[in-house]
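Enquirer: To be precise about what I am sending: the file is called coords.cif and holds mmCIF, C-alpha atoms.
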```cif
data_entry
#
loop_
_atom_site.group_PDB
_atom_site.id
_atom_site.type_symbol
_atom_site.label_atom_id
_atom_site.label_comp_id
_atom_site.auth_asym_id
_atom_site.auth_seq_id
_atom_site.Cartn_x
_atom_site.Cartn_y
_atom_site.Cartn_z
ATOM 1 C CA MET A 17 192.468 -79.579 43.527
ATOM 2 C CA ALA A 18 189.453 -77.672 42.400
ATOM 3 C CA ALA A 19 186.503 -79.878 41.547
ATOM 4 C CA PRO A 20 186.503 -80.580 37.820
ATOM 5 C CA LYS A 21 184.126 -78.236 36.097
ATOM 6 C CA PRO A 22 183.182 -79.186 32.564
ATOM 7 C CA ARG A 23 182.820 -76.503 29.945
ATOM 8 C CA VAL A 24 181.060 -77.171 26.680
ATOM 9 C CA LYS A 25 180.526 -75.039 23.609
ATOM 10 C CA VAL A 26 177.570 -76.018 21.441
ATOM 11 C CA PRO A 27 175.851 -73.735 18.918
ATOM 12 C CA LYS A 28 172.389 -72.492 19.967
ATOM 13 C CA SER A 29 170.839 -73.921 16.842
ATOM 14 C CA ALA A 30 171.824 -75.958 13.823
ATOM 15 C CA ALA A 31 170.278 -76.972 10.515
ATOM 16 C CA ALA A 32 169.089 -80.570 10.222
ATOM 17 C CA GLY A 33 171.797 -82.903 8.966
ATOM 18 C CA GLU A 34 174.385 -80.140 8.843
ATOM 19 C CA PRO A 35 177.558 -81.022 10.802
ATOM 20 C CA PHE A 36 178.722 -78.535 13.423
ATOM 21 C CA THR A 37 181.599 -78.474 15.880
ATOM 22 C CA ILE A 38 181.357 -79.093 19.595
ATOM 23 C CA LYS A 39 184.232 -78.102 21.873
ATOM 24 C CA THR A 40 184.668 -79.325 25.412
ATOM 25 C CA LEU A 41 187.130 -78.609 28.168
ATOM 26 C CA ILE A 42 187.340 -79.908 31.723
ATOM 27 C CA ASN A 43 189.846 -79.028 34.389
ATOM 28 C CA HIS A 44 191.551 -82.173 35.597
ATOM 29 C CA PRO A 45 195.197 -82.926 36.456
ATOM 30 C CA MET A 46 195.281 -86.099 34.280
ATOM 31 C CA GLU A 47 198.046 -87.509 36.488
ATOM 32 C CA SER A 48 199.737 -89.911 34.099
ATOM 33 C CA GLY A 49 201.216 -92.371 36.577
ATOM 34 C CA GLN A 50 204.674 -91.698 35.087
ATOM 35 C CA ARG A 51 205.728 -88.838 37.312
ATOM 36 C CA LYS A 52 207.580 -89.145 40.596
ATOM 37 C CA ASP A 53 207.396 -86.961 43.678
ATOM 38 C CA LYS A 54 210.426 -85.499 45.463
ATOM 39 C CA GLN A 55 211.011 -88.729 47.384
ATOM 40 C CA GLY A 56 211.093 -90.706 44.151
ATOM 41 C CA ASN A 57 207.770 -92.424 44.691
ATOM 42 C CA VAL A 58 205.584 -92.795 41.637
ATOM 43 C CA ILE A 59 202.525 -90.577 41.799
ATOM 44 C CA PRO A 60 199.600 -92.917 41.132
ATOM 45 C CA GLN A 61 197.646 -92.483 37.936
ATOM 46 C CA LYS A 62 194.468 -90.466 38.156
ATOM 47 C CA ILE A 63 192.962 -89.582 34.831
ATOM 48 C CA ILE A 64 189.655 -89.270 33.099
ATOM 49 C CA ASN A 65 189.520 -92.592 31.307
ATOM 50 C CA ARG A 66 186.387 -92.179 29.237
ATOM 51 C CA PHE A 67 184.405 -89.390 27.647
ATOM 52 C CA THR A 68 181.043 -89.782 25.983
ATOM 53 C CA CYS A 69 178.664 -87.464 24.198
ATOM 54 C CA ASP A 70 175.067 -88.420 23.421
ATOM 55 C CA PHE A 71 172.289 -86.567 21.688
ATOM 56 C CA ASN A 72 168.765 -87.544 22.809
ATOM 57 C CA GLY A 73 170.156 -90.948 23.752
ATOM 58 C CA THR A 74 172.013 -91.471 20.459
ATOM 59 C CA ASN A 75 175.765 -91.736 20.747
ATOM 60 C CA VAL A 76 177.900 -89.082 19.093
ATOM 61 C CA VAL A 77 181.374 -90.081 20.273
ATOM 62 C CA ASP A 78 182.740 -92.477 22.855
ATOM 63 C CA MET A 79 186.369 -91.780 23.645
ATOM 64 C CA THR A 80 188.843 -93.800 25.691
ATOM 65 C CA LEU A 81 191.543 -91.627 27.203
ATOM 66 C CA HIS A 82 194.987 -92.753 28.327
ATOM 67 C CA GLY A 83 197.713 -91.120 30.381
ATOM 68 C CA ALA A 84 199.076 -89.352 27.312
ATOM 69 C CA ILE A 85 196.169 -86.914 27.165
ATOM 70 C CA SER A 86 197.217 -83.493 28.458
ATOM 71 C CA THR A 87 196.143 -81.867 31.685
ATOM 72 C CA ASN A 88 192.721 -80.220 31.378
ATOM 73 C CA PRO A 89 191.587 -82.374 28.457
ATOM 74 C CA TYR A 90 190.323 -80.446 25.481
ATOM 75 C CA ILE A 91 188.164 -82.370 23.063
ATOM 76 C CA GLU A 92 186.708 -81.187 19.787
ATOM 77 C CA PHE A 93 184.469 -83.141 17.419
ATOM 78 C CA ASP A 94 181.546 -82.788 15.025
ATOM 79 C CA ALA A 95 177.920 -83.715 15.490
ATOM 80 C CA LYS A 96 174.751 -83.461 13.461
ATOM 81 C CA ILE A 97 171.106 -83.366 14.514
ATOM 82 C CA ASP A 98 167.744 -83.915 12.862
ATOM 83 C CA ALA A 99 165.602 -82.570 15.702
ATOM 84 C CA ALA A 100 165.895 -80.195 18.629
ATOM 85 C CA GLY A 101 167.109 -81.813 21.796
ATOM 86 C CA GLU A 102 169.781 -82.076 24.388
ATOM 87 C CA PHE A 103 173.404 -83.134 24.347
ATOM 88 C CA THR A 104 174.681 -85.026 27.385
ATOM 89 C CA PHE A 105 178.398 -85.081 28.066
ATOM 90 C CA ASN A 106 179.967 -87.459 30.580
ATOM 91 C CA TRP A 107 183.522 -87.597 31.834
ATOM 92 C CA TYR A 108 184.470 -90.727 33.796
ATOM 93 C CA ASP A 109 187.197 -90.304 36.393
ATOM 94 C CA ASP A 110 189.515 -93.110 37.578
ATOM 95 C CA ASP A 111 188.167 -92.578 41.103
ATOM 96 C CA GLY A 112 184.641 -93.448 39.964
ATOM 97 C CA SER A 113 183.231 -89.935 39.758
ATOM 98 C CA VAL A 114 181.300 -88.938 36.682
ATOM 99 C CA TYR A 115 181.179 -85.306 35.651
ATOM 100 C CA THR A 116 178.182 -84.394 33.543
ATOM 101 C CA ALA A 117 177.221 -81.441 31.392
ATOM 102 C CA LYS A 118 174.072 -80.913 29.344
ATOM 103 C CA LYS A 119 173.369 -78.491 26.512
ATOM 104 C CA SER A 120 170.154 -77.950 24.572
ATOM 105 C CA ILE A 121 170.095 -77.126 20.915
ATOM 106 C CA ALA A 122 167.306 -75.891 18.644
ATOM 107 C CA LEU A 123 166.682 -76.724 15.032
ATOM 108 C CA ALA A 124 167.461 -73.799 12.760
ATOM 109 C CA MET B 25 237.175 -53.834 24.123
ATOM 110 C CA SER B 26 237.501 -56.026 27.155
ATOM 111 C CA ARG B 27 233.848 -55.346 27.928
ATOM 112 C CA LEU B 28 232.889 -56.480 24.477
ATOM 113 C CA THR B 29 234.727 -59.771 24.823
ATOM 114 C CA GLN B 30 232.983 -60.361 28.110
ATOM 115 C CA VAL B 31 229.609 -59.814 26.560
ATOM 116 C CA GLU B 32 230.510 -62.151 23.789
ATOM 117 C CA GLU B 33 231.843 -64.769 26.083
ATOM 118 C CA ARG B 34 228.944 -64.931 28.434
ATOM 119 C CA PRO B 35 226.220 -66.257 26.134
ATOM 120 C CA GLN B 36 228.586 -68.809 24.734
ATOM 121 C CA MET B 37 229.289 -70.154 28.175
ATOM 122 C CA ASN B 38 225.590 -70.268 28.897
ATOM 123 C CA ILE B 39 224.957 -72.312 25.818
ATOM 124 C CA THR B 40 227.632 -74.794 26.775
ATOM 125 C CA ARG B 41 226.146 -75.123 30.207
ATOM 126 C CA ARG B 42 222.673 -75.504 28.805
ATOM 127 C CA ASP B 43 223.884 -78.114 26.348
ATOM 128 C CA ALA B 44 225.515 -80.032 29.152
ATOM 129 C CA LEU B 45 222.280 -79.890 31.135
ATOM 130 C CA ALA B 46 220.261 -80.969 28.134
ATOM 131 C CA ILE B 47 222.536 -83.919 27.535
ATOM 132 C CA GLY B 48 222.275 -84.833 31.202
ATOM 133 C CA ALA B 49 218.490 -84.569 31.184
ATOM 134 C CA GLY B 50 218.323 -86.569 27.978
ATOM 135 C CA GLY B 51 220.362 -89.314 29.567
ATOM 136 C CA ILE B 52 218.081 -89.440 32.571
ATOM 137 C CA ALA B 53 215.030 -89.454 30.342
ATOM 138 C CA ALA B 54 216.460 -92.266 28.240
ATOM 139 C CA LEU B 55 217.093 -94.274 31.395
ATOM 140 C CA ALA B 56 213.596 -93.608 32.679
ATOM 141 C CA PHE B 57 211.976 -94.771 29.468
ATOM 142 C CA ALA B 58 214.269 -97.712 28.831
ATOM 143 C CA PRO B 59 212.172 -100.296 30.654
ATOM 144 C CA ALA B 60 209.196 -100.540 28.321
ATOM 145 C CA ALA B 61 207.303 -102.365 31.017
ATOM 146 C CA PHE B 62 204.701 -99.628 31.458
ATOM 147 C CA GLY B 63 201.563 -99.929 29.385
ATOM 148 C CA ALA B 64 201.177 -101.455 25.980
ATOM 149 C CA THR B 65 203.725 -100.907 23.233
ATOM 150 C CA ALA B 66 202.544 -99.498 19.925
ATOM 151 C CA ASP B 67 202.810 -102.856 18.149
ATOM 152 C CA GLU B 68 200.753 -104.603 20.808
ATOM 153 C CA ALA B 69 198.129 -101.887 20.725
ATOM 154 C CA ILE B 70 197.946 -102.004 16.924
ATOM 155 C CA ALA B 71 197.648 -105.799 16.922
ATOM 156 C CA ALA B 72 194.885 -105.674 19.527
ATOM 157 C CA PHE B 73 193.033 -103.046 17.516
ATOM 158 C CA THR B 74 193.302 -104.587 14.060
ATOM 159 C CA GLY B 75 193.245 -108.234 15.123
ATOM 160 C CA GLY B 76 196.345 -108.850 13.019
ATOM 161 C CA ALA B 77 195.010 -107.309 9.794
ATOM 162 C CA THR B 78 197.480 -105.195 7.820
ATOM 163 C CA PRO B 79 196.300 -101.598 7.650
ATOM 164 C CA GLY B 80 196.203 -99.857 4.280
ATOM 165 C CA GLU B 81 197.058 -96.270 3.481
ATOM 166 C CA GLY B 82 195.084 -93.172 2.627
ATOM 167 C CA GLY B 83 191.708 -92.019 3.847
ATOM 168 C CA ILE B 84 193.107 -90.895 7.163
ATOM 169 C CA ASP B 85 194.879 -87.696 7.964
ATOM 170 C CA ILE B 86 196.711 -86.488 11.082
ATOM 171 C CA LYS B 87 197.131 -82.824 11.779
ATOM 172 C CA ALA B 88 199.837 -82.028 14.299
ATOM 173 C CA PRO B 89 202.573 -79.423 14.572
ATOM 174 C CA GLU B 90 205.862 -80.257 12.888
ATOM 175 C CA ILE B 91 207.736 -79.008 15.931
ATOM 176 C CA ALA B 92 206.148 -79.095 19.356
ATOM 177 C CA GLU B 93 208.100 -76.939 21.775
ATOM 178 C CA ASN B 94 206.187 -78.230 24.754
ATOM 179 C CA GLY B 95 205.599 -81.970 24.724
ATOM 180 C CA ASN B 96 203.000 -81.594 27.457
ATOM 181 C CA VAL B 97 200.423 -80.027 25.178
ATOM 182 C CA VAL B 98 200.558 -81.110 21.562
ATOM 183 C CA PRO B 99 197.398 -80.493 19.574
ATOM 184 C CA ILE B 100 196.511 -83.517 17.469
ATOM 185 C CA GLU B 101 193.643 -83.740 15.034
ATOM 186 C CA VAL B 102 192.673 -86.880 13.178
ATOM 187 C CA ASN B 103 190.322 -86.893 10.239
ATOM 188 C CA ALA B 104 189.167 -90.190 8.774
ATOM 189 C CA PRO B 105 185.953 -89.893 6.758
ATOM 190 C CA GLY B 106 183.895 -93.060 7.026
ATOM 191 C CA ALA B 107 185.736 -94.424 10.047
ATOM 192 C CA GLU B 108 183.936 -96.228 12.838
ATOM 193 C CA GLU B 109 186.745 -96.097 15.325
ATOM 194 C CA ILE B 110 190.133 -94.396 15.469
ATOM 195 C CA LEU B 111 193.123 -95.325 17.613
ATOM 196 C CA VAL B 112 195.933 -92.810 18.086
ATOM 197 C CA LEU B 113 199.361 -93.852 19.332
ATOM 198 C CA ALA B 114 202.633 -92.278 20.403
ATOM 199 C CA PRO B 115 205.053 -95.199 19.882
ATOM 200 C CA ALA B 116 207.901 -93.621 21.874
ATOM 201 C CA ASN B 117 205.811 -92.768 24.934
ATOM 202 C CA PRO B 118 206.165 -94.982 28.012
ATOM 203 C CA SER B 119 202.613 -96.080 27.318
ATOM 204 C CA ALA B 120 201.918 -95.886 23.608
ATOM 205 C CA GLU B 121 198.184 -95.314 23.540
ATOM 206 C CA ILE B 122 196.991 -91.712 23.469
ATOM 207 C CA PHE B 123 193.303 -92.243 22.895
ATOM 208 C CA SER B 124 190.753 -94.146 20.895
ATOM 209 C CA VAL B 125 187.370 -92.914 19.848
ATOM 210 C CA LYS B 126 184.208 -94.563 18.500
ATOM 211 C CA PHE B 127 181.841 -92.537 16.369
ATOM 212 C CA GLY B 128 178.114 -92.976 16.945
ATOM 213 C CA PRO B 129 175.193 -92.347 14.598
ATOM 214 C CA ALA B 130 174.920 -88.700 15.667
ATOM 215 C CA ALA B 131 178.533 -87.863 14.765
ATOM 216 C CA GLY B 132 178.657 -85.124 12.135
ATOM 217 C CA ALA B 133 182.063 -86.054 10.730
ATOM 218 C CA GLN B 134 184.753 -88.554 11.597
ATOM 219 C CA ARG B 135 187.030 -85.860 12.850
ATOM 220 C CA PHE B 136 188.443 -85.627 16.339
ATOM 221 C CA SER B 137 190.775 -83.162 17.953
ATOM 222 C CA THR B 138 192.469 -83.124 21.339
ATOM 223 C CA ARG B 139 195.774 -82.366 23.079
ATOM 224 C CA ALA B 140 198.327 -84.976 23.994
ATOM 225 C CA ARG B 141 201.601 -85.473 25.812
ATOM 226 C CA LEU B 142 204.586 -86.638 23.807
ATOM 227 C CA ALA B 143 207.717 -87.865 25.566
ATOM 228 C CA LYS B 144 210.072 -87.180 22.665
ATOM 229 C CA THR B 145 210.314 -86.757 18.911
ATOM 230 C CA GLN B 146 208.382 -89.547 17.260
ATOM 231 C CA ASP B 147 205.878 -90.592 14.593
ATOM 232 C CA VAL B 148 202.382 -90.068 15.911
ATOM 233 C CA THR B 149 200.366 -92.937 14.466
ATOM 234 C CA ALA B 150 196.640 -93.147 13.812
ATOM 235 C CA ILE B 151 194.704 -96.204 12.702
ATOM 236 C CA ALA B 152 191.070 -96.158 11.676
ATOM 237 C CA ARG B 153 188.637 -99.023 11.373
ATOM 238 C CA MET B 154 186.390 -98.237 8.432
ATOM 239 C CA ALA B 155 182.714 -99.164 8.102
ATOM 240 C CA ASP B 156 183.611 -102.120 5.850
ATOM 241 C CA GLY B 157 185.978 -103.574 8.456
ATOM 242 C CA SER B 158 189.211 -102.578 6.729
ATOM 243 C CA PHE B 159 191.940 -100.578 8.472
ATOM 244 C CA VAL B 160 193.918 -97.562 7.353
ATOM 245 C CA MET B 161 196.943 -96.092 9.028
ATOM 246 C CA ALA B 162 198.783 -92.771 8.904
ATOM 247 C CA LYS B 163 201.923 -91.479 10.563
ATOM 248 C CA ARG B 164 203.161 -88.019 11.207
ATOM 249 C CA THR B 165 206.488 -86.988 12.677
ATOM 250 C CA VAL B 166 206.348 -84.490 15.510
ATOM 251 C CA LYS B 167 209.607 -83.033 16.780
ATOM 252 C CA VAL B 168 209.442 -82.488 20.516
ATOM 253 C CA THR B 169 211.756 -79.939 22.117
ATOM 254 C CA VAL B 170 210.810 -80.561 25.754
ATOM 255 C CA GLY B 171 209.287 -83.935 26.556
ATOM 256 C CA GLY B 172 205.994 -84.129 28.383
ATOM 257 C CA CYS B 173 205.929 -87.227 30.514
ATOM 258 C CA GLY B 174 207.698 -86.222 33.729
ATOM 259 C CA GLY B 175 210.543 -88.428 34.786
#
```
Starting from the file, lay out its structure as structure tokens.
Expert:
Amino acid sequence: MAAPKPRVKVPKSAAAGEPFTIKTLINHPMESGQRKDKQGNVIPQKIINRFTCDFNGTNVVDMTLHGAISTNPYIEFDAKIDAAGEFTFNWYDDDGSVYTAKKSIALA
Amino acid sequence: MSRLTQVEERPQMNITRRDALAIGAGGIAALAFAPAAFGATADEAIAAFTGGATPGEGGIDIKAPEIAENGNVVPIEVNAPGAEEILVLAPANPSAEIFSVKFGPAAGAQRFSTRARLAKTQDVTAIARMADGSFVMAKRTVKVTVGGCGG
């Protein structure tokens, strides 16, 4: 499996207090723990169980994911800012890895 | 003439075969999902989320396709202005919870969109905890042609 590579789409700038959309995508099998291999053994669950987005240390969203989220989780939500700064995105894998992405944004 | 009958016959036979397969697959799927031992059921998850409070209606909206051909990737969007936390459930999945999300101070709107797996046709359910501590719930039926939970 290719190492999960997060992709994030954030506008370059936004007006203060004006909501805008952030889109994120990460490649990950999101193995649900429901499937069986050819021998009939259950394939153990391996999913991203948590996703967070923070702006300059302030939380935007904190999501708990379960096995019912599709492969390569796509997540879309709205944020607003009152100053320029940086968004930090974290994906927490079942195996303990954390995948991180950062995006700066300017005030329009 | 005989050629024509052949052409006519063939697709019909295919359909019968496909139907038979579909029925067979459905039976297997039903067997696989019968033991609801995996994960939390929808009622348990709702009770844990609301603490026993009865959710009201309105103020929350689910956007999802009426018919999802592929149950592996069903776009679901939930919009609940003023919500602090949203829980989204697929009651007929082997494990009912799809996701839950908390909105922080930097959230621009209480709107969240992702893609989920649905095992079969069911009412996707969303519950939101509002800022005043009350709960609202919405349901939306999604018809699933091909289930998305393996077997």
Enquirer: Within 9 Å of chain B, which residues of chain A are there when counting all atoms listed in the file? Please give them as an NGL selection string.
Expert: :A and (33-37 or 48 or 50-52 or 70-71 or 74-87 or 89-97)
Enquirer: Just say which residues the PyMOL selection byres ((chain B and resi 150) around 9) picks in this file, as an mmCIF file with C-alpha atoms, keeping the file's coordinate frame.
Expert:
```cif
data_model
loop_
_atom_site.group_PDB
_atom_site.id
_atom_site.type_symbol
_atom_site.label_atom_id
_atom_site.label_comp_id
_atom_site.auth_asym_id
_atom_site.auth_seq_id
_atom_site.Cartn_x
_atom_site.Cartn_y
_atom_site.Cartn_z
ATOM 1 C CA ILE B 84 193.107 -90.895 7.163
ATOM 2 C CA ASP B 85 194.879 -87.696 7.964
ATOM 3 C CA ILE B 86 196.711 -86.488 11.082
ATOM 4 C CA VAL B 102 192.673 -86.880 13.178
ATOM 5 C CA ILE B 110 190.133 -94.396 15.469
ATOM 6 C CA LEU B 111 193.123 -95.325 17.613
ATOM 7 C CA VAL B 112 195.933 -92.810 18.086
ATOM 8 C CA LEU B 113 199.361 -93.852 19.332
ATOM 9 C CA ALA B 114 202.633 -92.278 20.403
ATOM 10 C CA VAL B 148 202.382 -90.068 15.911
ATOM 11 C CA THR B 149 200.366 -92.937 14.466
ATOM 12 C CA ILE B 151 194.704 -96.204 12.702
ATOM 13 C CA ALA B 152 191.070 -96.158 11.676
ATOM 14 C CA VAL B 160 193.918 -97.562 7.353
ATOM 15 C CA MET B 161 196.943 -96.092 9.028
ATOM 16 C CA ALA B 162 198.783 -92.771 8.904
ATOM 17 C CA LYS B 163 201.923 -91.479 10.563
ATOM 18 C CA ARG B 164 203.161 -88.019 11.207
#
```
Enquirer: As an exercise, work out the distance from atom CA of Ser158 of chain B to atom CA of Ala69 of chain B in Å and give it to one decimal place.
Expert: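 These atoms are spaced 16.6 Å apart.
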Enquirer: Identify all residues satisfying the PyMOL selection byres ((chain A and resi 59) around 12) in the given file; provide them as a list in words.
Expert: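 For this structure, the PyMOL selection byres ((chain A and resi 59) around 12) resolves to Pro45, Met46, Glu47, Ser48, Gly49, Gln50, Arg51, Lys52, Asp53, Lys54, Gln55, Gly56, Asn57, Val58, Pro60, Gln61, Lys62 and Ile63 of chain A; Gly174 and Gly175 of chain B.
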Enquirer: Take the residues that were just selected and, keeping C-alpha atoms, output them as a PDB file, in the frame of the given file.
Expert:
```pdb
ATOM      1  CA  PRO A  45     195.197 -82.926  36.456  1.00  0.00           C
ATOM      2  CA  MET A  46     195.281 -86.099  34.280  1.00  0.00           C
ATOM      3  CA  GLU A  47     198.046 -87.509  36.488  1.00  0.00           C
ATOM      4  CA  SER A  48     199.737 -89.911  34.099  1.00  0.00           C
ATOM      5  CA  GLY A  49     201.216 -92.371  36.577  1.00  0.00           C
ATOM      6  CA  GLN A  50     204.674 -91.698  35.087  1.00  0.00           C
ATOM      7  CA  ARG A  51     205.728 -88.838  37.312  1.00  0.00           C
ATOM      8  CA  LYS A  52     207.580 -89.145  40.596  1.00  0.00           C
ATOM      9  CA  ASP A  53     207.396 -86.961  43.678  1.00  0.00           C
ATOM     10  CA  LYS A  54     210.426 -85.499  45.463  1.00  0.00           C
ATOM     11  CA  GLN A  55     211.011 -88.729  47.384  1.00  0.00           C
ATOM     12  CA  GLY A  56     211.093 -90.706  44.151  1.00  0.00           C
ATOM     13  CA  ASN A  57     207.770 -92.424  44.691  1.00  0.00           C
ATOM     14  CA  VAL A  58     205.584 -92.795  41.637  1.00  0.00           C
ATOM     15  CA  PRO A  60     199.600 -92.917  41.132  1.00  0.00           C
ATOM     16  CA  GLN A  61     197.646 -92.483  37.936  1.00  0.00           C
ATOM     17  CA  LYS A  62     194.468 -90.466  38.156  1.00  0.00           C
ATOM     18  CA  ILE A  63     192.962 -89.582  34.831  1.00  0.00           C
TER      19      ILE A  63
ATOM     20  CA  GLY B 174     207.698 -86.222  33.729  1.00  0.00           C
ATOM     21  CA  GLY B 175     210.543 -88.428  34.786  1.00  0.00           C
TER      22      GLY B 175
END
```
Enquirer: Expressed in Å to a single decimal, how great is the separation between atom CA of Gly73 of chain A and atom CA of Asn88 of chain A?
Expert: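 Distance reported for this atom pair: 26.1 Å.
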Enquirer: Env of Lys167 of chain B: 6 Å cut, atoms = only C-alpha atoms, seq-sep filter 6 positions within chain, self excluded. Answer as an NGL selection string.
Expert: :B and (91-92 or 145)
Enquirer: Would you list the contacts of Ala100 of chain A as a JSON list (two decimals) with C-alpha atoms, keeping the file's coordinate frame, taking every protein, DNA or RNA residue within 7 Å and counting only C-alpha atoms, but skipping same-chain residues closer than 4 positions in sequence?
Expert:
```json
[["chain", "number", "residue", "atom", "x", "y", "z"],
["A", 121, "ILE", "CA", 170.10, -77.13, 20.92],
["A", 122, "ALA", "CA", 167.31, -75.89, 18.64],
["A", 123, "LEU", "CA", 166.68, -76.72, 15.03]]
```
Enquirer: Would you work out the distance separating atom CA of Pro27 of chain A from atom CA of Pro105 of chain B, expressed in Å to one decimal?
Expert: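 Between atom CA of Pro27 of chain A and atom CA of Pro105 of chain B the gap is 22.6 Å.
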Enquirer: List the spatial neighbours of Val26 of chain A as an MDAnalysis selection string - criterion: any atom at most 8 Å away, all atoms listed in the file, same-chain residues fewer than 2 positions off excluded.
Expert: chainID A and resid 24 28 37:39 119 121
Enquirer: Report as a list in words the full result of the PyMOL selection byres ((chain A and resi 30) around 6) when it is applied to this structure.
Expert: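 Expected selection for the PyMOL selection byres ((chain A and resi 30) around 6) here is Ser29, Ala31, Leu123 and Ala124 of chain A.
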Enquirer: Could you model all heavy atoms for segment 36-42 of chain A and present them as a PDB file, in the frame of the given file?
Expert:
```
ATOM      1  N   PHE A  36     178.186 -79.699  12.721  1.00  0.00           N
ATOM      2  CA  PHE A  36     178.722 -78.535  13.423  1.00  0.00           C
ATOM      3  C   PHE A  36     179.700 -79.029  14.477  1.00  0.00           C
ATOM      4  O   PHE A  36     179.708 -80.204  14.826  1.00  0.00           O
ATOM      5  CB  PHE A  36     177.601 -77.703  14.058  1.00  0.00           C
ATOM      6  CG  PHE A  36     176.693 -78.511  14.946  1.00  0.00           C
ATOM      7  CD1 PHE A  36     176.978 -78.654  16.288  1.00  0.00           C
ATOM      8  CD2 PHE A  36     175.577 -79.146  14.416  1.00  0.00           C
ATOM      9  CE1 PHE A  36     176.159 -79.411  17.107  1.00  0.00           C
ATOM     10  CE2 PHE A  36     174.755 -79.911  15.230  1.00  0.00           C
ATOM     11  CZ  PHE A  36     175.051 -80.054  16.575  1.00  0.00           C
ATOM     12  N   THR A  37     180.514 -78.101  14.969  1.00  0.00           N
ATOM     13  CA  THR A  37     181.599 -78.474  15.880  1.00  0.00           C
ATOM     14  C   THR A  37     181.187 -78.259  17.328  1.00  0.00           C
ATOM     15  O   THR A  37     180.560 -77.256  17.660  1.00  0.00           O
ATOM     16  CB  THR A  37     182.851 -77.643  15.551  1.00  0.00           C
ATOM     17  OG1 THR A  37     183.201 -77.899  14.196  1.00  0.00           O
ATOM     18  CG2 THR A  37     184.014 -78.017  16.440  1.00  0.00           C
ATOM     19  N   ILE A  38     181.550 -79.207  18.145  1.00  0.00           N
ATOM     20  CA  ILE A  38     181.357 -79.093  19.595  1.00  0.00           C
ATOM     21  C   ILE A  38     182.743 -79.080  20.225  1.00  0.00           C
ATOM     22  O   ILE A  38     183.602 -79.880  19.855  1.00  0.00           O
ATOM     23  CB  ILE A  38     180.535 -80.276  20.136  1.00  0.00           C
ATOM     24  CG1 ILE A  38     179.122 -80.241  19.563  1.00  0.00           C
ATOM     25  CG2 ILE A  38     180.502 -80.263  21.655  1.00  0.00           C
ATOM     26  CD1 ILE A  38     178.260 -81.405  20.003  1.00  0.00           C
ATOM     27  N   LYS A  39     182.950 -78.174  21.168  1.00  0.00           N
ATOM     28  CA  LYS A  39     184.232 -78.102  21.873  1.00  0.00           C
ATOM     29  C   LYS A  39     183.983 -78.308  23.358  1.00  0.00           C
ATOM     30  O   LYS A  39     183.047 -77.733  23.908  1.00  0.00           O
ATOM     31  CB  LYS A  39     184.879 -76.731  21.658  1.00  0.00           C
ATOM     32  CG  LYS A  39     185.244 -76.475  20.217  1.00  0.00           C
ATOM     33  CD  LYS A  39     185.735 -75.061  20.036  1.00  0.00           C
ATOM     34  CE  LYS A  39     186.096 -74.836  18.574  1.00  0.00           C
ATOM     35  NZ  LYS A  39     186.493 -73.454  18.332  1.00  0.00           N
ATOM     36  N   THR A  40     184.814 -79.106  23.974  1.00  0.00           N
ATOM     37  CA  THR A  40     184.668 -79.325  25.412  1.00  0.00           C
ATOM     38  C   THR A  40     186.014 -79.191  26.101  1.00  0.00           C
ATOM     39  O   THR A  40     187.052 -79.456  25.520  1.00  0.00           O
ATOM     40  CB  THR A  40     184.123 -80.737  25.731  1.00  0.00           C
ATOM     41  OG1 THR A  40     185.179 -81.683  25.590  1.00  0.00           O
ATOM     42  CG2 THR A  40     182.982 -81.120  24.832  1.00  0.00           C
ATOM     43  N   LEU A  41     185.931 -78.775  27.351  1.00  0.00           N
ATOM     44  CA  LEU A  41     187.130 -78.609  28.168  1.00  0.00           C
ATOM     45  C   LEU A  41     186.735 -78.941  29.598  1.00  0.00           C
ATOM     46  O   LEU A  41     185.651 -78.581  30.049  1.00  0.00           O
ATOM     47  CB  LEU A  41     187.603 -77.157  28.071  1.00  0.00           C
ATOM     48  CG  LEU A  41     188.942 -76.799  28.674  1.00  0.00           C
ATOM     49  CD1 LEU A  41     190.071 -77.471  27.922  1.00  0.00           C
ATOM     50  CD2 LEU A  41     189.133 -75.293  28.616  1.00  0.00           C
ATOM     51  N   ILE A  42     187.597 -79.643  30.307  1.00  0.00           N
ATOM     52  CA  ILE A  42     187.340 -79.908  31.723  1.00  0.00           C
ATOM     53  C   ILE A  42     188.657 -79.760  32.464  1.00  0.00           C
ATOM     54  O   ILE A  42     189.707 -80.159  31.953  1.00  0.00           O
ATOM     55  CB  ILE A  42     186.701 -81.301  31.913  1.00  0.00           C
ATOM     56  CG1 ILE A  42     186.271 -81.502  33.369  1.00  0.00           C
ATOM     57  CG2 ILE A  42     187.623 -82.426  31.461  1.00  0.00           C
ATOM     58  CD1 ILE A  42     185.340 -82.683  33.566  1.00  0.00           C
TER      59      ILE A  42
END
```
